[in-house]
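Novice: This one is data_17.csv, CSV, C-alpha atoms.
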```csv
chain,number,residue,atom,x,y,z
W,477,LEU,CA,25.8,-242.9,14.6
W,478,ALA,CA,25.0,-240.5,17.4
W,479,GLY,CA,25.7,-242.1,20.8
W,480,ASN,CA,27.4,-245.2,19.3
W,481,PRO,CA,31.2,-244.6,19.6
W,482,GLY,CA,31.9,-248.0,18.2
W,483,ALA,CA,30.2,-247.3,14.9
W,484,ARG,CA,32.0,-246.4,11.7
W,485,LEU,CA,30.6,-245.1,8.4
W,486,VAL,CA,31.9,-246.2,5.1
W,487,VAL,CA,30.7,-244.5,1.9
W,488,ALA,CA,30.4,-246.4,-1.4
W,489,ARG,CA,28.8,-243.9,-3.6
W,490,ILE,CA,26.9,-244.4,-6.9
W,491,ASP,CA,26.4,-241.4,-9.2
W,492,PHE,CA,23.6,-241.3,-11.7
W,493,GLY,CA,23.7,-239.1,-14.9
W,494,TYR,CA,21.6,-236.0,-15.1
W,495,THR,CA,21.5,-235.5,-18.9
W,496,LEU,CA,18.6,-236.5,-21.1
W,497,LYS,CA,20.9,-238.8,-23.2
W,498,PRO,CA,22.6,-241.4,-20.9
W,499,ASP,CA,26.4,-241.1,-20.8
W,500,PRO,CA,27.6,-243.7,-21.3
W,501,CYS,CA,25.0,-245.4,-23.3
W,502,PRO,CA,24.2,-249.1,-22.6
W,503,SER,CA,26.5,-251.6,-24.3
W,504,GLY,CA,28.1,-255.0,-23.8
W,505,GLU,CA,31.3,-253.3,-22.7
W,506,GLN,CA,29.5,-251.1,-20.2
W,507,SER,CA,27.7,-254.2,-18.8
W,508,GLU,CA,31.1,-255.8,-18.2
W,509,ARG,CA,32.3,-252.7,-16.5
W,510,ASP,CA,29.2,-252.5,-14.3
W,511,ALA,CA,29.7,-256.2,-13.3
W,512,ALA,CA,33.3,-255.6,-12.3
W,513,ALA,CA,32.3,-252.5,-10.4
W,514,ALA,CA,29.6,-254.3,-8.4
W,515,GLN,CA,32.2,-256.9,-7.2
W,516,ALA,CA,34.8,-254.2,-6.6
W,517,TYR,CA,32.3,-252.3,-4.3
W,518,VAL,CA,31.5,-255.4,-2.3
W,519,ASP,CA,35.2,-256.4,-2.1
W,520,PHE,CA,35.9,-252.9,-0.8
W,521,MET,CA,33.2,-253.2,1.8
W,522,GLN,CA,34.5,-256.5,3.0
W,523,LYS,CA,38.0,-255.1,3.3
W,524,MET,CA,36.7,-252.2,5.4
W,525,GLY,CA,34.9,-254.6,7.7
W,526,VAL,CA,31.4,-253.4,6.8
W,527,ARG,CA,28.5,-255.2,8.5
W,528,VAL,CA,25.4,-253.4,7.1
W,529,VAL,CA,24.9,-251.7,3.7
W,530,ASN,CA,22.1,-249.4,2.8
W,531,MET,CA,21.1,-249.3,-0.9
W,532,SER,CA,18.7,-246.5,-1.7
W,533,TRP,CA,18.7,-247.1,-5.4
W,534,GLY,CA,17.3,-249.4,-8.0
W,535,GLY,CA,16.2,-250.1,-11.6
W,536,ASP,CA,14.5,-252.6,-13.8
W,537,VAL,CA,14.6,-253.8,-17.4
W,538,SER,CA,12.3,-251.0,-18.6
W,539,SER,CA,15.0,-248.5,-17.6
W,540,TYR,CA,17.4,-250.2,-20.0
W,541,GLU,CA,14.9,-250.0,-22.8
W,542,SER,CA,14.4,-246.3,-22.1
W,543,ASP,CA,18.1,-245.6,-22.2
W,544,LEU,CA,18.6,-247.5,-25.4
W,545,GLU,CA,15.8,-245.5,-27.0
W,546,LYS,CA,17.3,-242.2,-25.8
W,547,CYS,CA,20.7,-243.3,-27.2
W,548,GLY,CA,19.1,-244.3,-30.6
W,549,ILE,CA,20.3,-247.9,-30.2
W,550,GLY,CA,18.2,-250.6,-31.8
W,551,LYS,CA,16.4,-250.3,-35.0
W,552,THR,CA,13.1,-251.7,-33.7
W,553,LEU,CA,11.3,-252.0,-30.4
W,554,GLU,CA,11.9,-255.7,-30.4
W,555,GLU,CA,15.6,-255.2,-30.9
W,556,ARG,CA,15.8,-252.8,-28.0
W,557,LYS,CA,13.8,-255.2,-25.8
W,558,SER,CA,16.2,-258.0,-26.6
W,559,LEU,CA,19.3,-255.8,-25.9
W,560,ALA,CA,17.8,-254.5,-22.7
W,561,ARG,CA,17.1,-258.0,-21.5
W,562,THR,CA,20.6,-259.0,-22.1
W,563,TYR,CA,22.2,-256.1,-20.3
W,564,PHE,CA,19.7,-256.2,-17.4
W,565,ASP,CA,20.2,-260.0,-16.9
W,566,ALA,CA,24.0,-259.5,-16.8
W,567,ASN,CA,23.7,-256.7,-14.3
W,568,LYS,CA,21.3,-258.7,-12.1
W,569,ALA,CA,23.5,-261.7,-12.1
W,570,ALA,CA,26.6,-259.6,-11.3
W,571,LEU,CA,24.9,-257.9,-8.4
W,572,THR,CA,23.6,-261.3,-7.1
W,573,ARG,CA,27.1,-262.8,-7.3
W,574,ALA,CA,28.6,-259.8,-5.5
W,575,PHE,CA,26.1,-259.8,-2.6
W,576,ALA,CA,26.4,-263.6,-2.3
W,577,SER,CA,30.2,-263.3,-2.1
W,578,ALA,CA,29.8,-261.4,1.2
W,579,PRO,CA,27.6,-263.6,3.4
W,580,GLY,CA,28.7,-261.7,6.5
W,581,ILE,CA,27.3,-258.4,5.3
W,582,LEU,CA,23.6,-257.5,5.5
W,583,PHE,CA,22.4,-255.6,2.4
W,584,VAL,CA,19.3,-253.4,3.0
W,585,THR,CA,17.6,-252.1,-0.1
W,586,ALA,CA,14.7,-249.8,-0.9
W,587,ALA,CA,11.7,-251.5,-2.5
W,588,GLY,CA,11.1,-248.9,-5.1
W,589,ASN,CA,8.6,-246.1,-5.7
W,590,SER,CA,6.6,-247.4,-8.6
W,591,ASN,CA,3.7,-248.9,-6.7
W,592,ASN,CA,4.4,-252.2,-8.4
W,593,ASP,CA,5.4,-255.7,-7.3
W,594,ALA,CA,9.2,-255.5,-7.2
W,595,SER,CA,9.5,-259.1,-8.1
W,596,PHE,CA,7.1,-259.0,-11.0
W,597,ILE,CA,8.8,-256.0,-12.7
W,598,GLU,CA,12.2,-257.6,-11.8
W,599,SER,CA,13.4,-254.6,-9.9
W,600,ILE,CA,17.0,-254.8,-8.8
W,601,PRO,CA,18.3,-255.0,-6.2
W,602,SER,CA,14.9,-255.1,-4.4
W,603,GLY,CA,13.8,-258.2,-6.4
W,604,ILE,CA,16.9,-260.2,-5.6
W,605,VAL,CA,16.4,-263.1,-3.2
W,606,LEU,CA,19.4,-263.9,-0.9
W,607,PRO,CA,19.7,-264.8,2.8
W,608,ASN,CA,21.8,-261.6,3.4
W,609,LEU,CA,19.5,-259.1,1.7
W,610,ILE,CA,16.3,-257.5,3.0
W,611,THR,CA,14.0,-255.2,1.1
W,612,VAL,CA,12.1,-252.4,2.8
W,613,GLY,CA,8.8,-250.7,1.8
W,614,ALA,CA,7.5,-247.3,3.0
W,615,VAL,CA,4.7,-246.2,5.2
W,616,ASP,CA,3.8,-242.7,6.4
W,617,SER,CA,4.2,-241.4,9.9
W,618,ALA,CA,0.8,-243.0,10.9
W,619,GLY,CA,2.0,-246.4,9.7
W,620,GLU,CA,-0.2,-246.5,6.7
W,621,GLU,CA,1.2,-247.8,3.4
W,622,ALA,CA,2.6,-245.0,1.3
W,623,PRO,CA,0.9,-244.7,-2.1
W,624,PHE,CA,4.1,-244.9,-4.0
W,625,THR,CA,5.8,-247.9,-2.3
W,626,SER,CA,6.5,-251.0,-4.2
W,627,TYR,CA,5.5,-254.3,-2.7
W,628,GLY,CA,5.7,-258.0,-3.3
W,629,PRO,CA,7.2,-261.2,-1.8
W,630,THR,CA,10.7,-259.8,-1.3
W,631,VAL,CA,9.4,-256.8,0.7
W,632,LYS,CA,9.7,-258.2,4.3
W,633,VAL,CA,9.4,-255.0,6.4
W,634,HIS,CA,8.2,-251.4,6.2
W,635,ALA,CA,9.6,-248.2,7.8
W,636,ASN,CA,8.7,-244.5,7.6
W,637,GLY,CA,9.4,-243.1,4.2
W,638,TYR,CA,7.1,-240.1,4.0
W,639,GLN,CA,8.3,-236.6,4.6
W,640,VAL,CA,11.4,-237.8,6.3
W,641,GLU,CA,13.9,-235.0,7.3
W,642,SER,CA,16.9,-235.6,5.0
W,643,TYR,CA,20.1,-234.0,4.0
W,644,ILE,CA,21.0,-232.9,0.5
W,645,PRO,CA,24.5,-231.9,-0.8
W,646,GLY,CA,25.6,-228.8,1.0
W,647,GLY,CA,24.0,-229.8,4.3
W,648,THR,CA,20.5,-228.4,3.7
W,649,ARG,CA,17.7,-230.3,5.4
W,650,VAL,CA,14.6,-231.0,3.4
W,651,ALA,CA,11.6,-233.4,3.9
W,652,LEU,CA,11.8,-236.2,1.3
W,653,SER,CA,9.6,-239.1,0.6
W,654,GLY,CA,10.4,-242.5,-0.8
W,655,THR,CA,11.5,-246.0,0.0
W,656,SER,CA,15.0,-244.5,-0.1
W,657,MET,CA,14.1,-242.8,3.1
W,658,ALA,CA,12.7,-246.0,4.6
W,659,SER,CA,15.6,-248.5,4.0
W,660,PRO,CA,18.2,-246.4,5.9
W,661,GLN,CA,16.0,-246.7,9.0
W,662,VAL,CA,16.2,-250.5,8.8
W,663,ALA,CA,20.0,-250.3,8.2
W,664,ASN,CA,20.1,-248.1,11.3
W,665,LEU,CA,18.2,-250.7,13.3
W,666,ALA,CA,20.5,-253.5,12.2
W,667,GLY,CA,23.4,-251.4,13.3
W,668,LYS,CA,21.9,-251.0,16.7
W,669,LEU,CA,21.3,-254.7,17.0
W,670,LEU,CA,25.0,-255.3,16.1
W,671,ALA,CA,26.0,-252.8,18.7
W,672,VAL,CA,24.5,-255.0,21.5
W,673,ARG,CA,25.1,-258.3,19.8
W,674,PRO,CA,28.0,-258.1,17.3
W,675,GLU,CA,28.0,-261.9,16.7
W,676,LEU,CA,24.6,-261.8,14.9
W,677,THR,CA,24.7,-263.0,11.3
W,678,PRO,CA,22.7,-261.3,8.5
W,679,LYS,CA,20.2,-264.1,8.6
W,680,GLN,CA,19.7,-263.6,12.3
W,681,LEU,CA,19.4,-259.9,11.9
W,682,ILE,CA,16.7,-260.3,9.3
W,683,GLY,CA,14.9,-262.8,11.5
W,684,ILE,CA,14.8,-260.5,14.5
W,685,ILE,CA,13.8,-257.4,12.5
W,686,SER,CA,11.1,-259.3,10.6
W,687,THR,CA,9.6,-261.3,13.5
W,688,THR,CA,9.4,-258.3,15.8
W,689,ALA,CA,7.7,-256.1,13.2
W,690,ASP,CA,4.1,-255.1,13.8
W,691,ARG,CA,1.9,-256.8,11.1
W,692,SER,CA,-1.1,-254.9,9.9
W,693,ALA,CA,-4.6,-256.4,9.9
W,694,ASP,CA,-4.7,-256.7,6.2
W,695,GLY,CA,-1.3,-258.4,6.1
W,696,ARG,CA,0.3,-255.9,3.7
W,697,ARG,CA,2.5,-254.1,6.1
W,698,ASN,CA,5.1,-255.3,8.6
W,699,LEU,CA,6.2,-252.1,10.4
W,700,VAL,CA,9.6,-252.3,12.1
W,701,ASN,CA,9.5,-252.0,15.8
W,702,PRO,CA,13.0,-251.0,17.1
W,703,LYS,CA,12.2,-251.4,20.7
W,704,LYS,CA,10.8,-254.9,20.3
W,705,ALA,CA,13.7,-255.8,18.1
W,706,LEU,CA,16.3,-254.6,20.6
W,707,ALA,CA,14.5,-256.3,23.4
W,708,ALA,CA,14.4,-259.6,21.5
W,709,ALA,CA,18.1,-259.4,20.7
W,710,MET,CA,19.0,-258.7,24.4
W,711,ALA,CA,16.7,-261.5,25.6
W,712,ALA,CA,18.3,-264.0,23.2
W,713,ALA,CA,21.8,-262.9,24.4
W,714,GLY,CA,20.7,-263.5,28.0
```
If you took the structure in this file and wrote it as C-alpha coordinates, what would it be?
Specialist:
Amino acid sequence: LAGNPGARLVVARIDFGYTLKPDPCPSGEQSERDAAAAQAYVDFMQKMGVRVVNMSWGGDVSSYESDLEKCGIGKTLEERKSLARTYFDANKAALTRAFASAPGILFVTAAGNSNNDASFIESIPSGIVLPNLITVGAVDSAGEEAPFTSYGPTVKVHANGYQVESYIPGGTRVALSGTSMASPQVANLAGKLLAVRPELTPKQLIGIISTTADRSADGRRNLVNPKKALAAAMAAAG
(Lines of atoms letter the chains of each structure in order from A and count residues from 1; the text may use other names and numbers.)
(Lines give C-alpha, C1' and ligand atoms only; values in the text may rest on other atoms or scores of the structure.)
Protein backbone atom coordinates (compact mmCIF):
# COMPACT_ATOMS: atom_id res chain seq x y z
CA LEU A 1 0.00 0.00 0.00
CA ALA A 2 3.03 2.29 0.33
CA GLY A 3 2.81 5.25 -2.03
CA ASN A 4 -0.79 4.54 -2.98
CA PRO A 5 -2.99 6.90 -0.93
CA GLY A 6 -6.11 5.65 -2.67
CA ALA A 7 -5.65 2.05 -1.52
CA ARG A 8 -7.50 0.50 1.40
CA LEU A 9 -6.89 -2.82 3.13
CA VAL A 10 -9.74 -5.05 4.30
CA VAL A 11 -8.95 -8.15 6.37
CA ALA A 12 -11.16 -11.23 6.10
CA ARG A 13 -9.30 -13.68 8.27
CA ILE A 14 -9.41 -17.47 8.38
CA ASP A 15 -8.07 -19.29 11.45
CA PHE A 16 -6.91 -22.90 11.31
CA GLY A 17 -6.79 -25.16 14.35
CA TYR A 18 -3.47 -26.06 15.92
CA THR A 19 -4.50 -29.17 17.88
CA LEU A 20 -3.87 -32.73 16.72
CA LYS A 21 -7.58 -33.54 16.82
CA PRO A 22 -9.58 -31.11 14.67
CA ASP A 23 -12.02 -28.93 16.59
CA PRO A 24 -14.68 -28.97 15.33
CA CYS A 25 -14.57 -32.32 13.58
CA PRO A 26 -15.99 -32.62 10.04
CA SER A 27 -19.74 -33.12 9.89
CA GLY A 28 -22.74 -32.33 7.77
CA GLU A 29 -23.65 -29.44 10.07
CA GLN A 30 -20.12 -28.07 9.89
CA SER A 31 -20.22 -28.26 6.08
CA GLU A 32 -23.38 -26.14 6.13
CA ARG A 33 -21.72 -23.61 8.44
CA ASP A 34 -18.65 -23.50 6.19
CA ALA A 35 -20.84 -22.90 3.14
CA ALA A 36 -22.69 -20.06 4.84
CA ALA A 37 -19.41 -18.56 6.04
CA ALA A 38 -17.93 -18.59 2.54
CA GLN A 39 -20.84 -16.57 1.19
CA ALA A 40 -20.80 -14.26 4.21
CA TYR A 41 -17.11 -13.50 3.60
CA VAL A 42 -17.73 -12.60 -0.02
CA ASP A 43 -20.84 -10.56 0.82
CA PHE A 44 -18.74 -8.62 3.35
CA MET A 45 -16.06 -7.99 0.73
CA GLN A 46 -18.61 -6.69 -1.76
CA LYS A 47 -20.12 -4.43 0.88
CA MET A 48 -16.67 -3.00 1.59
CA GLY A 49 -15.98 -2.35 -2.09
CA VAL A 50 -13.13 -4.85 -2.34
CA ARG A 51 -11.57 -5.22 -5.81
CA VAL A 52 -8.81 -7.79 -5.20
CA VAL A 53 -8.63 -10.64 -2.68
CA ASN A 54 -5.51 -12.62 -1.79
CA MET A 55 -6.13 -16.21 -0.68
CA SER A 56 -2.99 -17.82 0.77
CA TRP A 57 -4.75 -21.00 1.89
CA GLY A 58 -6.11 -24.22 0.51
CA GLY A 59 -6.97 -27.87 0.98
CA ASP A 60 -8.09 -31.02 -0.80
CA VAL A 61 -10.22 -34.08 -0.25
CA SER A 62 -7.36 -35.94 1.45
CA SER A 63 -7.31 -33.36 4.24
CA TYR A 64 -10.94 -34.23 5.00
CA GLU A 65 -10.04 -37.92 5.12
CA SER A 66 -7.21 -37.17 7.52
CA ASP A 67 -9.43 -35.07 9.81
CA LEU A 68 -12.09 -37.78 9.90
CA GLU A 69 -9.48 -40.35 10.89
CA LYS A 70 -8.12 -38.10 13.65
CA CYS A 71 -11.65 -37.62 14.94
CA GLY A 72 -12.37 -41.35 14.83
CA ILE A 73 -15.26 -40.87 12.42
CA GLY A 74 -16.02 -43.68 9.98
CA LYS A 75 -15.67 -47.37 10.75
CA THR A 76 -13.75 -48.16 7.57
CA LEU A 77 -11.45 -46.42 5.11
CA GLU A 78 -14.18 -46.61 2.48
CA GLU A 79 -16.68 -44.92 4.79
CA ARG A 80 -14.23 -42.11 5.58
CA LYS A 81 -13.51 -41.63 1.88
CA SER A 82 -17.23 -41.40 1.14
CA LEU A 83 -17.84 -38.87 3.92
CA ALA A 84 -14.76 -36.86 2.94
CA ARG A 85 -15.96 -36.69 -0.65
CA THR A 86 -19.39 -35.47 0.46
CA TYR A 87 -18.01 -32.73 2.71
CA PHE A 88 -15.32 -31.69 0.23
CA ASP A 89 -17.75 -31.44 -2.69
CA ALA A 90 -20.10 -29.31 -0.59
CA ASN A 91 -17.25 -26.98 0.39
CA LYS A 92 -15.98 -26.66 -3.18
CA ALA A 93 -19.46 -25.93 -4.50
CA ALA A 94 -20.04 -23.30 -1.81
CA LEU A 95 -16.74 -21.57 -2.54
CA THR A 96 -17.39 -21.61 -6.26
CA ARG A 97 -20.85 -20.11 -5.77
CA ALA A 98 -19.50 -17.45 -3.44
CA PHE A 99 -16.71 -16.37 -5.79
CA ALA A 100 -19.05 -16.40 -8.78
CA SER A 101 -21.51 -14.17 -6.90
CA ALA A 102 -18.91 -11.39 -6.94
CA PRO A 103 -17.91 -11.03 -10.61
CA GLY A 104 -16.40 -7.61 -9.93
CA ILE A 105 -13.81 -9.00 -7.49
CA LEU A 106 -10.56 -10.61 -8.59
CA PHE A 107 -9.69 -13.59 -6.36
CA VAL A 108 -5.98 -14.45 -6.32
CA THR A 109 -5.05 -17.81 -4.81
CA ALA A 110 -1.93 -19.77 -3.96
CA ALA A 111 -1.38 -22.91 -6.05
CA GLY A 112 -0.32 -25.07 -3.10
CA ASN A 113 2.96 -26.52 -1.87
CA SER A 114 2.51 -30.24 -2.54
CA ASN A 115 4.37 -30.37 -5.88
CA ASN A 116 1.19 -31.83 -7.40
CA ASP A 117 -1.22 -30.91 -10.17
CA ALA A 118 -3.72 -28.71 -8.30
CA SER A 119 -6.52 -29.78 -10.64
CA PHE A 120 -5.74 -33.49 -10.42
CA ILE A 121 -5.77 -33.55 -6.62
CA GLU A 122 -8.80 -31.19 -6.66
CA SER A 123 -7.17 -28.57 -4.51
CA ILE A 124 -9.43 -25.71 -3.47
CA PRO A 125 -9.54 -22.88 -4.18
CA SER A 126 -6.55 -23.28 -6.53
CA GLY A 127 -8.33 -25.91 -8.66
CA ILE A 128 -11.49 -23.84 -9.14
CA VAL A 129 -12.07 -22.46 -12.63
CA LEU A 130 -13.80 -19.06 -12.79
CA PRO A 131 -13.26 -15.94 -14.90
CA ASN A 132 -12.53 -13.87 -11.78
CA LEU A 133 -10.01 -16.24 -10.15
CA ILE A 134 -6.30 -16.62 -10.92
CA THR A 135 -3.98 -19.22 -9.39
CA VAL A 136 -0.32 -18.44 -8.70
CA GLY A 137 2.66 -20.79 -8.54
CA ALA A 138 6.03 -20.06 -6.95
CA VAL A 139 9.54 -19.51 -8.29
CA ASP A 140 12.76 -18.64 -6.50
CA SER A 141 14.57 -15.29 -6.77
CA ALA A 142 16.31 -16.50 -9.94
CA GLY A 143 12.98 -17.28 -11.59
CA GLU A 144 13.39 -21.04 -11.40
CA GLU A 145 10.41 -23.18 -10.45
CA ALA A 146 10.34 -23.77 -6.69
CA PRO A 147 10.57 -27.48 -5.84
CA PHE A 148 7.45 -27.36 -3.69
CA THR A 149 5.08 -25.45 -5.97
CA SER A 150 1.94 -27.08 -7.27
CA TYR A 151 1.19 -26.75 -10.95
CA GLY A 152 -1.46 -27.65 -13.53
CA PRO A 153 -3.88 -26.00 -15.95
CA THR A 154 -5.29 -23.51 -13.45
CA VAL A 155 -1.84 -22.13 -12.54
CA LYS A 156 -1.62 -19.19 -14.95
CA VAL A 157 1.33 -17.22 -13.55
CA HIS A 158 4.25 -17.51 -11.15
CA ALA A 159 5.84 -15.09 -8.69
CA ASN A 160 8.67 -15.19 -6.18
CA GLY A 161 7.73 -17.47 -3.31
CA TYR A 162 11.16 -18.48 -1.98
CA GLN A 163 12.63 -16.91 1.14
CA VAL A 164 10.34 -13.89 0.92
CA GLU A 165 10.61 -11.42 3.78
CA SER A 166 7.33 -11.77 5.63
CA TYR A 167 5.69 -10.65 8.83
CA ILE A 168 4.42 -12.98 11.54
CA PRO A 169 2.11 -12.05 14.44
CA GLY A 170 3.85 -9.56 16.67
CA GLY A 171 5.59 -7.82 13.80
CA THR A 172 8.69 -10.00 13.54
CA ARG A 173 10.13 -10.31 10.04
CA VAL A 174 11.18 -13.75 8.84
CA ALA A 175 12.01 -15.27 5.45
CA LEU A 176 9.22 -17.66 4.44
CA SER A 177 8.75 -19.85 1.39
CA GLY A 178 5.59 -21.08 -0.30
CA THR A 179 2.99 -20.20 -2.87
CA SER A 180 1.35 -18.26 -0.04
CA MET A 181 4.20 -15.79 -0.47
CA ALA A 182 3.79 -15.71 -4.26
CA SER A 183 0.06 -15.01 -4.57
CA PRO A 184 0.15 -11.73 -2.58
CA GLN A 185 2.62 -10.37 -5.12
CA VAL A 186 0.10 -10.94 -7.90
CA ALA A 187 -2.64 -9.38 -5.77
CA ASN A 188 -0.31 -6.41 -5.29
CA LEU A 189 0.22 -6.14 -9.04
CA ALA A 190 -3.53 -6.25 -9.66
CA GLY A 191 -3.94 -3.44 -7.15
CA LYS A 192 -1.37 -1.34 -8.99
CA LEU A 193 -3.13 -1.92 -12.29
CA LEU A 194 -6.41 -0.81 -10.72
CA ALA A 195 -4.70 2.30 -9.36
CA VAL A 196 -3.94 3.46 -12.90
CA ARG A 197 -7.03 1.98 -14.54
CA PRO A 198 -9.81 1.49 -11.98
CA GLU A 199 -12.29 0.48 -14.68
CA LEU A 200 -10.50 -2.82 -15.40
CA THR A 201 -12.57 -5.94 -14.81
CA PRO A 202 -11.18 -9.12 -13.19
CA LYS A 203 -11.08 -10.79 -16.61
CA GLN A 204 -9.10 -7.87 -18.03
CA LEU A 205 -6.72 -7.86 -15.06
CA ILE A 206 -6.05 -11.58 -15.52
CA GLY A 207 -5.50 -11.00 -19.23
CA ILE A 208 -2.96 -8.23 -18.72
CA ILE A 209 -1.09 -10.06 -15.96
CA SER A 210 -1.00 -13.32 -17.93
CA THR A 211 -0.10 -11.96 -21.37
CA THR A 212 2.72 -9.77 -20.08
CA ALA A 213 4.29 -12.58 -18.02
CA ASP A 214 7.64 -13.96 -19.19
CA ARG A 215 7.21 -17.55 -20.37
CA SER A 216 10.08 -19.95 -19.73
CA ALA A 217 11.60 -21.96 -22.59
CA ASP A 218 10.10 -25.19 -21.26
CA GLY A 219 6.67 -23.59 -21.00
CA ARG A 220 6.24 -24.49 -17.33
CA ARG A 221 6.63 -20.99 -15.88
CA ASN A 222 4.95 -17.68 -16.63
CA LEU A 223 6.80 -15.21 -14.43
CA VAL A 224 4.85 -12.03 -13.75
CA ASN A 225 6.45 -8.87 -15.10
CA PRO A 226 5.02 -5.86 -13.23
CA LYS A 227 6.72 -3.27 -15.43
CA LYS A 228 5.36 -4.82 -18.64
CA ALA A 229 1.92 -5.25 -17.09
CA LEU A 230 1.72 -1.60 -16.02
CA ALA A 231 3.04 -0.44 -19.39
CA ALA A 232 0.41 -2.54 -21.17
CA ALA A 233 -2.36 -1.16 -18.97
CA MET A 234 -1.27 2.42 -19.57
CA ALA A 235 -0.92 1.86 -23.32
CA ALA A 236 -4.42 0.43 -23.52
CA ALA A 237 -5.75 3.41 -21.58
CA GLY A 238 -4.10 5.80 -24.03
Novice: Out of W:Pro629, W:Gly613, W:Gly534, W:Gly548, which residue has the shortest atom-to-atom distance to Ser653 in chain W when counting all atoms listed in the file?
Specialist: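 The closest residue to Ser653 in chain W is W:Gly613.
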Novice: Which neighbours of Phe564 in chain W fall inside 8 Å, counting only C-alpha atoms, when residues of the same chain fewer than 2 positions from it are skipped, and could you give them as a PyMOL selection string?
Specialist: chain W and resi 536-537+540+560-562+566-568
Novice: Hey, what's within 9 Å of Ala663 in chain W if we count only C-alpha atoms and toss same-chain stuff fewer than 5 positions away? As number ranges by chain, please?
Specialist: W: 528-530, 582-585, 668
Novice: Let me see the file: selected residues, C-alpha atoms, as a PDB file, in the coordinates of the input.
Specialist:
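File produced: again.pdb:
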```
ATOM      1  CA  VAL W 528      25.400-253.400   7.100  1.00  0.00           C
ATOM      2  CA  VAL W 529      24.900-251.700   3.700  1.00  0.00           C
ATOM      3  CA  ASN W 530      22.100-249.400   2.800  1.00  0.00           C
ATOM      4  CA  LEU W 582      23.600-257.500   5.500  1.00  0.00           C
ATOM      5  CA  PHE W 583      22.400-255.600   2.400  1.00  0.00           C
ATOM      6  CA  VAL W 584      19.300-253.400   3.000  1.00  0.00           C
ATOM      7  CA  THR W 585      17.600-252.100  -0.100  1.00  0.00           C
ATOM      8  CA  LYS W 668      21.900-251.000  16.700  1.00  0.00           C
TER       9      LYS W 668
END
```
Novice: Provide the CA of Asn636 in chain W to CA of Val615 in chain W distance in Å, to one decimal place.
Specialist: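 If I compute the distance from CA of Asn636 in chain W to CA of Val615 in chain W, I get 5.0 Å.
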Novice: Grab the CA of Ala689 in chain W to CA of Ser659 in chain W distance for me, in Å with one decimal place.
Specialist: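 Distance between the two atoms: 14.3 Å.
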Novice: Show me, as a list of chain:residue names, the residues that have an atom within 12 Å of Val605 in chain W when counting all atoms listed in the file, minus same-chain residues fewer than 3 positions from it.
Specialist: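 Non-adjacent residues within range: W:Lys568, W:Ala569, W:Leu571, W:Thr572, W:Arg573, W:Phe575, W:Ala576, W:Phe583, W:Val584, W:Thr585, W:Ala594, W:Ser595, W:Glu598, W:Ser599, W:Ile600, W:Pro601, W:Ser602, W:Asn608, W:Leu609, W:Ile610, W:Thr611, W:Gly628, W:Pro629, W:Thr630, W:Val631, W:Lys632.
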Novice: Which value, in Å to one decimal, gives the distance between CA of Ile644 in chain W and CA of Met521 in chain W?
Specialist: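 We find that CA of Ile644 in chain W and CA of Met521 in chain W lie 23.7 Å from each other.
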Novice: I need every residue sitting at most 9 Å from the point (13.5, -255.2, 19.0) (coordinates as in the file, only C-alpha atoms considered), written as a list in words.
Specialist: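 Here the neighbourhood of the point contains Leu665, Leu669, Ile684, Ile685, Thr688, Ala689, Val700, Asn701, Pro702, Lys703, Lys704, Ala705, Leu706, Ala707, Ala708, Ala709 and Met710 of chain W.
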Novice: Would you pick out the contacts of Glu541 in chain W at 8 Å or less, using all atoms listed in the file, so that residues sharing its chain but fewer than 6 positions from it are not included, and give the list as a list in words?
Specialist: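 Once the nearby chain positions are removed, what remains is Arg556, Lys557, Leu559 and Ala560 of chain W.
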Novice: For Glu641 in chain W, please output as a VMD selection string all residues within 7 Å (counting only C-alpha atoms; exclusion window: fewer than 5 positions along the same chain).
Specialist: chain W and resid 649 to 652
